[in-house]
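What follows is a single structure, written as C-alpha cells, with notes after it.
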Amino acid sequence: MNLLARVFTGPIMFVAGVLHFAKPRWYERIMPDYLPAHRQLVYASGVAEMAGATLSMIPRTRRLGGWLSIATLIAVFPANVHMATHPERYEEAVPGGRTGLLLRLPLQGVMLLLVHRATLRR
C-alpha cells in the first residue's frame, strides 16, 4: 500500500499535471460554468499538481508536497461534482456514463488517503 501511495502521489500526479498542458481543452470542458478564466485555472491546477508531486518525491519537502497535493485535490473536486451533475455533457469522455461520473466522487477520497499515506503519515 505504501508503494501504491508513493507512486500515485509522485509520478502519477505529476503526469496528471502535465496533461493539463498537453490537453487543456479537455480540462476546460469539465470546469464548472460559474468559474472564470478556465484556461488559466487549468494551467494553475496543472502547475499545482506537478509541484505537489515533485515536492512529495523529495524527502525534505515531502510533507509540503502532501499538503499542496491535498489542497489541489480539494480545489478540483467541484469539477468532479459538476461532471456528475451534468452527465449528458461527459458521457463520451468518461467510461460508465452517469454511474462512472458518480463513482469518481468517492474516488477523490481514496486519492486524498493515498496522498496522506505517502506524505503525512508518520
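A note on labels: chains of the C-alpha cells are A, B, ... as shown, every chain counts residues from 1, and ligands are counted from 1 in their shown order.
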
Rows by chain and residue number, segment 41-119 of chain A within 9 Å of segment 13-37 of chain A, shortest pair, only C-alpha atoms, as CSV:
```
residue,atom,partner,partner_atom,distance
A:Leu41,CA,A:Ala37,CA,6.2
A:Val42,CA,A:His20,CA,6.1
A:Tyr43,CA,A:His20,CA,6.1
A:Ala44,CA,A:His20,CA,8.9
A:Ser45,CA,A:Gly17,CA,7.2
A:Gly46,CA,A:Gly17,CA,4.0
A:Val47,CA,A:Gly17,CA,6.3
A:Ala48,CA,A:Gly17,CA,7.4
A:Glu49,CA,A:Gly17,CA,4.9
A:Met50,CA,A:Phe14,CA,4.5
A:Ala51,CA,A:Phe14,CA,7.7
A:Gly52,CA,A:Phe14,CA,8.0
A:Ala53,CA,A:Phe14,CA,5.3
A:Thr54,CA,A:Phe14,CA,7.0
A:Ser69,CA,A:Met13,CA,8.5
A:Val76,CA,A:Met31,CA,8.8
A:Pro78,CA,A:Pro32,CA,7.1
A:Ala79,CA,A:Met31,CA,5.3
A:Asn80,CA,A:Ile30,CA,7.6
A:Val81,CA,A:Pro32,CA,8.7
A:His82,CA,A:Pro32,CA,5.7
A:Met83,CA,A:Ile30,CA,6.3
A:Arg89,CA,A:Arg29,CA,8.7
A:Tyr90,CA,A:Ile30,CA,8.1
A:Ala93,CA,A:Trp26,CA,8.7
```

Export, as an mmCIF file, in the first residue's frame, the selected residues with N, CA, C and O atoms.
```cif
data_model
loop_
_atom_site.group_PDB
_atom_site.id
_atom_site.type_symbol
_atom_site.label_atom_id
_atom_site.label_comp_id
_atom_site.auth_asym_id
_atom_site.auth_seq_id
_atom_site.Cartn_x
_atom_site.Cartn_y
_atom_site.Cartn_z
ATOM 1 N N LEU A 41 -7.094 28.635 -15.081
ATOM 2 C CA LEU A 41 -7.293 27.732 -13.951
ATOM 3 C C LEU A 41 -6.811 26.318 -14.273
ATOM 4 O O LEU A 41 -6.282 25.626 -13.396
ATOM 5 N N VAL A 42 -6.976 25.888 -15.502
ATOM 6 C CA VAL A 42 -6.461 24.580 -15.915
ATOM 7 C C VAL A 42 -4.946 24.572 -15.775
ATOM 8 O O VAL A 42 -4.362 23.628 -15.218
ATOM 9 N N TYR A 43 -4.301 25.604 -16.259
ATOM 10 C CA TYR A 43 -2.843 25.672 -16.153
ATOM 11 C C TYR A 43 -2.406 25.765 -14.691
ATOM 12 O O TYR A 43 -1.437 25.114 -14.286
ATOM 13 N N ALA A 44 -3.096 26.573 -13.899
ATOM 14 C CA ALA A 44 -2.734 26.720 -12.486
ATOM 15 C C ALA A 44 -2.869 25.386 -11.749
ATOM 16 O O ALA A 44 -1.995 25.020 -10.948
ATOM 17 N N SER A 45 -3.939 24.652 -12.025
ATOM 18 C CA SER A 45 -4.103 23.362 -11.347
ATOM 19 C C SER A 45 -3.062 22.362 -11.836
ATOM 20 O O SER A 45 -2.580 21.527 -11.066
ATOM 21 N N GLY A 46 -2.668 22.451 -13.096
ATOM 22 C CA GLY A 46 -1.603 21.588 -13.602
ATOM 23 C C GLY A 46 -0.281 21.879 -12.921
ATOM 24 O O GLY A 46 0.451 20.956 -12.528
ATOM 25 N N VAL A 47 0.039 23.153 -12.759
ATOM 26 C CA VAL A 47 1.272 23.535 -12.060
ATOM 27 C C VAL A 47 1.216 23.046 -10.616
ATOM 28 O O VAL A 47 2.196 22.504 -10.087
ATOM 29 N N ALA A 48 0.068 23.227 -9.974
ATOM 30 C CA ALA A 48 -0.069 22.788 -8.581
ATOM 31 C C ALA A 48 0.113 21.276 -8.462
ATOM 32 O O ALA A 48 0.770 20.794 -7.533
ATOM 33 N N GLU A 49 -0.462 20.511 -9.394
ATOM 34 C CA GLU A 49 -0.298 19.048 -9.352
ATOM 35 C C GLU A 49 1.165 18.659 -9.548
ATOM 36 O O GLU A 49 1.677 17.787 -8.840
ATOM 37 N N MET A 50 1.823 19.284 -10.521
ATOM 38 C CA MET A 50 3.230 18.952 -10.760
ATOM 39 C C MET A 50 4.106 19.359 -9.576
ATOM 40 O O MET A 50 5.015 18.614 -9.185
ATOM 41 N N ALA A 51 3.843 20.514 -8.999
ATOM 42 C CA ALA A 51 4.643 20.980 -7.862
ATOM 43 C C ALA A 51 4.443 20.075 -6.655
ATOM 44 O O ALA A 51 5.411 19.659 -6.006
ATOM 45 N N GLY A 52 3.192 19.758 -6.341
ATOM 46 C CA GLY A 52 2.927 18.872 -5.209
ATOM 47 C C GLY A 52 3.564 17.510 -5.401
ATOM 48 O O GLY A 52 4.158 16.945 -4.482
ATOM 49 N N ALA A 53 3.464 16.976 -6.618
ATOM 50 C CA ALA A 53 4.052 15.673 -6.914
ATOM 51 C C ALA A 53 5.569 15.717 -6.778
ATOM 52 O O ALA A 53 6.178 14.832 -6.167
ATOM 53 N N THR A 54 6.182 16.746 -7.320
ATOM 54 C CA THR A 54 7.640 16.877 -7.247
ATOM 55 C C THR A 54 8.099 17.005 -5.806
ATOM 56 O O THR A 54 9.019 16.305 -5.364
ATOM 57 N N SER A 69 -0.668 18.851 -2.543
ATOM 58 C CA SER A 69 -1.465 17.891 -3.321
ATOM 59 C C SER A 69 -2.878 17.745 -2.747
ATOM 60 O O SER A 69 -3.854 17.673 -3.498
ATOM 61 N N VAL A 76 -10.002 20.907 -6.964
ATOM 62 C CA VAL A 76 -10.565 20.432 -8.235
ATOM 63 C C VAL A 76 -11.821 19.585 -8.039
ATOM 64 O O VAL A 76 -12.479 19.222 -9.018
ATOM 65 N N PRO A 78 -14.836 20.393 -7.147
ATOM 66 C CA PRO A 78 -16.044 20.938 -7.793
ATOM 67 C C PRO A 78 -16.173 20.546 -9.270
ATOM 68 O O PRO A 78 -17.290 20.401 -9.766
ATOM 69 N N ALA A 79 -15.068 20.352 -9.971
ATOM 70 C CA ALA A 79 -15.152 19.903 -11.368
ATOM 71 C C ALA A 79 -15.740 18.499 -11.443
ATOM 72 O O ALA A 79 -16.544 18.208 -12.334
ATOM 73 N N ASN A 80 -15.382 17.638 -10.504
ATOM 74 C CA ASN A 80 -15.954 16.293 -10.484
ATOM 75 C C ASN A 80 -17.439 16.320 -10.139
ATOM 76 O O ASN A 80 -18.227 15.565 -10.707
ATOM 77 N N VAL A 81 -17.819 17.184 -9.215
ATOM 78 C CA VAL A 81 -19.242 17.340 -8.877
ATOM 79 C C VAL A 81 -19.996 17.872 -10.089
ATOM 80 O O VAL A 81 -21.083 17.391 -10.427
ATOM 81 N N HIS A 82 -19.405 18.842 -10.766
ATOM 82 C CA HIS A 82 -20.020 19.420 -11.967
ATOM 83 C C HIS A 82 -20.264 18.336 -13.018
ATOM 84 O O HIS A 82 -21.334 18.270 -13.621
ATOM 85 N N MET A 83 -19.271 17.491 -13.221
ATOM 86 C CA MET A 83 -19.418 16.417 -14.203
ATOM 87 C C MET A 83 -20.532 15.449 -13.790
ATOM 88 O O MET A 83 -21.332 15.029 -14.622
ATOM 89 N N ARG A 89 -23.176 15.887 -20.638
ATOM 90 C CA ARG A 89 -22.064 16.592 -21.286
ATOM 91 C C ARG A 89 -20.801 15.734 -21.412
ATOM 92 O O ARG A 89 -19.921 16.054 -22.194
ATOM 93 N N TYR A 90 -20.709 14.667 -20.615
ATOM 94 C CA TYR A 90 -19.441 13.953 -20.492
ATOM 95 C C TYR A 90 -19.531 12.458 -20.773
ATOM 96 O O TYR A 90 -18.565 11.748 -20.568
ATOM 97 N N ALA A 93 -16.802 11.109 -22.827
ATOM 98 C CA ALA A 93 -15.451 11.359 -22.318
ATOM 99 C C ALA A 93 -15.070 10.450 -21.150
ATOM 100 O O ALA A 93 -13.895 10.199 -20.927
#
```

Those in chain A with helix (DSSP H, G or I) from DSSP, as a PDB file with C-alpha atoms, in the first residue's frame:
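The resulting file, selection20.pdb, is shown below:
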```pdb
ATOM      1  CA  ASN A   2       2.856   2.405   0.753  1.00  0.00           C
ATOM      2  CA  LEU A   3       4.367   1.861  -2.694  1.00  0.00           C
ATOM      3  CA  LEU A   4       0.989   2.469  -4.367  1.00  0.00           C
ATOM      4  CA  ALA A   5       0.539   5.647  -2.326  1.00  0.00           C
ATOM      5  CA  ARG A   6       4.001   6.935  -3.245  1.00  0.00           C
ATOM      6  CA  VAL A   7       3.621   6.098  -6.952  1.00  0.00           C
ATOM      7  CA  PHE A   8       0.211   7.787  -7.080  1.00  0.00           C
ATOM      8  CA  THR A   9       1.347  10.865  -5.160  1.00  0.00           C
ATOM      9  CA  GLY A  10       4.556  11.332  -7.118  1.00  0.00           C
ATOM     10  CA  PRO A  11       4.789  10.135 -10.721  1.00  0.00           C
ATOM     11  CA  ILE A  12       1.071   9.663 -11.414  1.00  0.00           C
ATOM     12  CA  MET A  13       0.079  13.082 -10.103  1.00  0.00           C
ATOM     13  CA  PHE A  14       2.998  14.640 -11.967  1.00  0.00           C
ATOM     14  CA  VAL A  15       1.795  13.119 -15.254  1.00  0.00           C
ATOM     15  CA  ALA A  16      -1.739  14.294 -14.463  1.00  0.00           C
ATOM     16  CA  GLY A  17      -0.367  17.827 -14.095  1.00  0.00           C
ATOM     17  CA  VAL A  18       1.474  17.589 -17.415  1.00  0.00           C
ATOM     18  CA  LEU A  19      -1.778  16.539 -19.104  1.00  0.00           C
ATOM     19  CA  HIS A  20      -3.273  19.902 -18.135  1.00  0.00           C
ATOM     20  CA  PHE A  21      -0.830  21.432 -20.619  1.00  0.00           C
ATOM     21  CA  ALA A  22      -0.978  18.671 -23.223  1.00  0.00           C
ATOM     22  CA  PRO A  24      -6.090  21.802 -21.844  1.00  0.00           C
ATOM     23  CA  ARG A  25      -9.343  21.761 -23.810  1.00  0.00           C
ATOM     24  CA  TRP A  26     -10.433  18.515 -22.132  1.00  0.00           C
ATOM     25  CA  TYR A  27      -9.881  20.043 -18.705  1.00  0.00           C
ATOM     26  CA  GLU A  28     -11.624  23.255 -19.720  1.00  0.00           C
ATOM     27  CA  ARG A  29     -14.699  21.223 -20.668  1.00  0.00           C
ATOM     28  CA  HIS A  38     -10.976  28.367 -17.492  1.00  0.00           C
ATOM     29  CA  ARG A  39      -7.680  28.091 -19.382  1.00  0.00           C
ATOM     30  CA  GLN A  40      -5.753  29.901 -16.668  1.00  0.00           C
ATOM     31  CA  LEU A  41      -7.293  27.732 -13.951  1.00  0.00           C
ATOM     32  CA  VAL A  42      -6.461  24.580 -15.915  1.00  0.00           C
ATOM     33  CA  TYR A  43      -2.843  25.672 -16.153  1.00  0.00           C
ATOM     34  CA  ALA A  44      -2.734  26.720 -12.486  1.00  0.00           C
ATOM     35  CA  SER A  45      -4.103  23.362 -11.347  1.00  0.00           C
ATOM     36  CA  GLY A  46      -1.603  21.588 -13.602  1.00  0.00           C
ATOM     37  CA  VAL A  47       1.272  23.535 -12.060  1.00  0.00           C
ATOM     38  CA  ALA A  48      -0.069  22.788  -8.581  1.00  0.00           C
ATOM     39  CA  GLU A  49      -0.298  19.048  -9.352  1.00  0.00           C
ATOM     40  CA  MET A  50       3.230  18.952 -10.760  1.00  0.00           C
ATOM     41  CA  ALA A  51       4.643  20.980  -7.862  1.00  0.00           C
ATOM     42  CA  GLY A  52       2.927  18.872  -5.209  1.00  0.00           C
ATOM     43  CA  ALA A  53       4.052  15.673  -6.914  1.00  0.00           C
ATOM     44  CA  THR A  54       7.640  16.877  -7.247  1.00  0.00           C
ATOM     45  CA  LEU A  55       7.834  18.066  -3.659  1.00  0.00           C
ATOM     46  CA  SER A  56       6.354  14.780  -2.439  1.00  0.00           C
ATOM     47  CA  PRO A  59      12.213  13.556   1.456  1.00  0.00           C
ATOM     48  CA  ARG A  60      12.918  17.050   2.820  1.00  0.00           C
ATOM     49  CA  THR A  61       9.834  18.544   1.127  1.00  0.00           C
ATOM     50  CA  ARG A  62       7.514  15.503   1.209  1.00  0.00           C
ATOM     51  CA  ARG A  63       5.114  16.946   3.802  1.00  0.00           C
ATOM     52  CA  LEU A  64       4.831  20.270   1.961  1.00  0.00           C
ATOM     53  CA  GLY A  65       4.157  18.367  -1.262  1.00  0.00           C
ATOM     54  CA  GLY A  66       1.483  16.358   0.509  1.00  0.00           C
ATOM     55  CA  TRP A  67      -0.312  19.433   1.756  1.00  0.00           C
ATOM     56  CA  LEU A  68      -0.126  21.045  -1.679  1.00  0.00           C
ATOM     57  CA  SER A  69      -1.465  17.891  -3.321  1.00  0.00           C
ATOM     58  CA  ILE A  70      -4.306  17.637  -0.800  1.00  0.00           C
ATOM     59  CA  ALA A  71      -5.216  21.286  -1.367  1.00  0.00           C
ATOM     60  CA  THR A  72      -5.173  20.719  -5.122  1.00  0.00           C
ATOM     61  CA  LEU A  73      -7.397  17.629  -4.919  1.00  0.00           C
ATOM     62  CA  ILE A  74      -9.882  19.562  -2.786  1.00  0.00           C
ATOM     63  CA  ALA A  75      -9.767  22.538  -5.163  1.00  0.00           C
ATOM     64  CA  VAL A  76     -10.565  20.432  -8.235  1.00  0.00           C
ATOM     65  CA  PHE A  77     -13.365  18.483  -6.550  1.00  0.00           C
ATOM     66  CA  PRO A  78     -16.044  20.938  -7.793  1.00  0.00           C
ATOM     67  CA  ALA A  79     -15.152  19.903 -11.368  1.00  0.00           C
ATOM     68  CA  ASN A  80     -15.954  16.293 -10.484  1.00  0.00           C
ATOM     69  CA  VAL A  81     -19.242  17.340  -8.877  1.00  0.00           C
ATOM     70  CA  HIS A  82     -20.020  19.420 -11.967  1.00  0.00           C
ATOM     71  CA  MET A  83     -19.418  16.417 -14.203  1.00  0.00           C
ATOM     72  CA  ALA A  84     -21.594  14.152 -12.025  1.00  0.00           C
ATOM     73  CA  THR A  85     -24.453  16.650 -12.055  1.00  0.00           C
ATOM     74  CA  PRO A  87     -23.572  13.630 -17.120  1.00  0.00           C
ATOM     75  CA  GLU A  88     -25.052  14.351 -20.538  1.00  0.00           C
ATOM     76  CA  ARG A  89     -22.064  16.592 -21.286  1.00  0.00           C
ATOM     77  CA  GLY A  97     -21.751   7.352 -18.126  1.00  0.00           C
ATOM     78  CA  ARG A  98     -23.576   8.776 -15.116  1.00  0.00           C
ATOM     79  CA  THR A  99     -22.569   5.830 -12.904  1.00  0.00           C
ATOM     80  CA  GLY A 100     -18.904   6.302 -13.770  1.00  0.00           C
ATOM     81  CA  LEU A 101     -19.135  10.004 -13.036  1.00  0.00           C
ATOM     82  CA  LEU A 102     -20.766   9.358  -9.663  1.00  0.00           C
ATOM     83  CA  LEU A 103     -18.124   6.773  -8.767  1.00  0.00           C
ATOM     84  CA  ARG A 104     -15.424   9.378  -9.379  1.00  0.00           C
ATOM     85  CA  LEU A 105     -16.660  11.372  -6.372  1.00  0.00           C
ATOM     86  CA  PRO A 106     -15.652   8.873  -3.650  1.00  0.00           C
ATOM     87  CA  LEU A 107     -12.504   8.132  -5.644  1.00  0.00           C
ATOM     88  CA  GLN A 108     -11.341  11.623  -4.672  1.00  0.00           C
ATOM     89  CA  GLY A 109     -11.435  10.455  -1.050  1.00  0.00           C
ATOM     90  CA  VAL A 110      -9.265   7.463  -1.936  1.00  0.00           C
ATOM     91  CA  MET A 111      -6.802   9.781  -3.654  1.00  0.00           C
ATOM     92  CA  LEU A 112      -6.689  12.004  -0.571  1.00  0.00           C
ATOM     93  CA  LEU A 113      -5.959   8.963   1.597  1.00  0.00           C
ATOM     94  CA  LEU A 114      -3.161   7.868  -0.738  1.00  0.00           C
ATOM     95  CA  VAL A 115      -1.548  11.306  -0.603  1.00  0.00           C
ATOM     96  CA  HIS A 116      -1.891  11.378   3.171  1.00  0.00           C
ATOM     97  CA  ARG A 117      -0.360   7.926   3.497  1.00  0.00           C
ATOM     98  CA  ALA A 118       2.567   8.786   1.219  1.00  0.00           C
ATOM     99  CA  THR A 119       3.418  12.184   2.649  1.00  0.00           C
TER     100      THR A 119
END
```
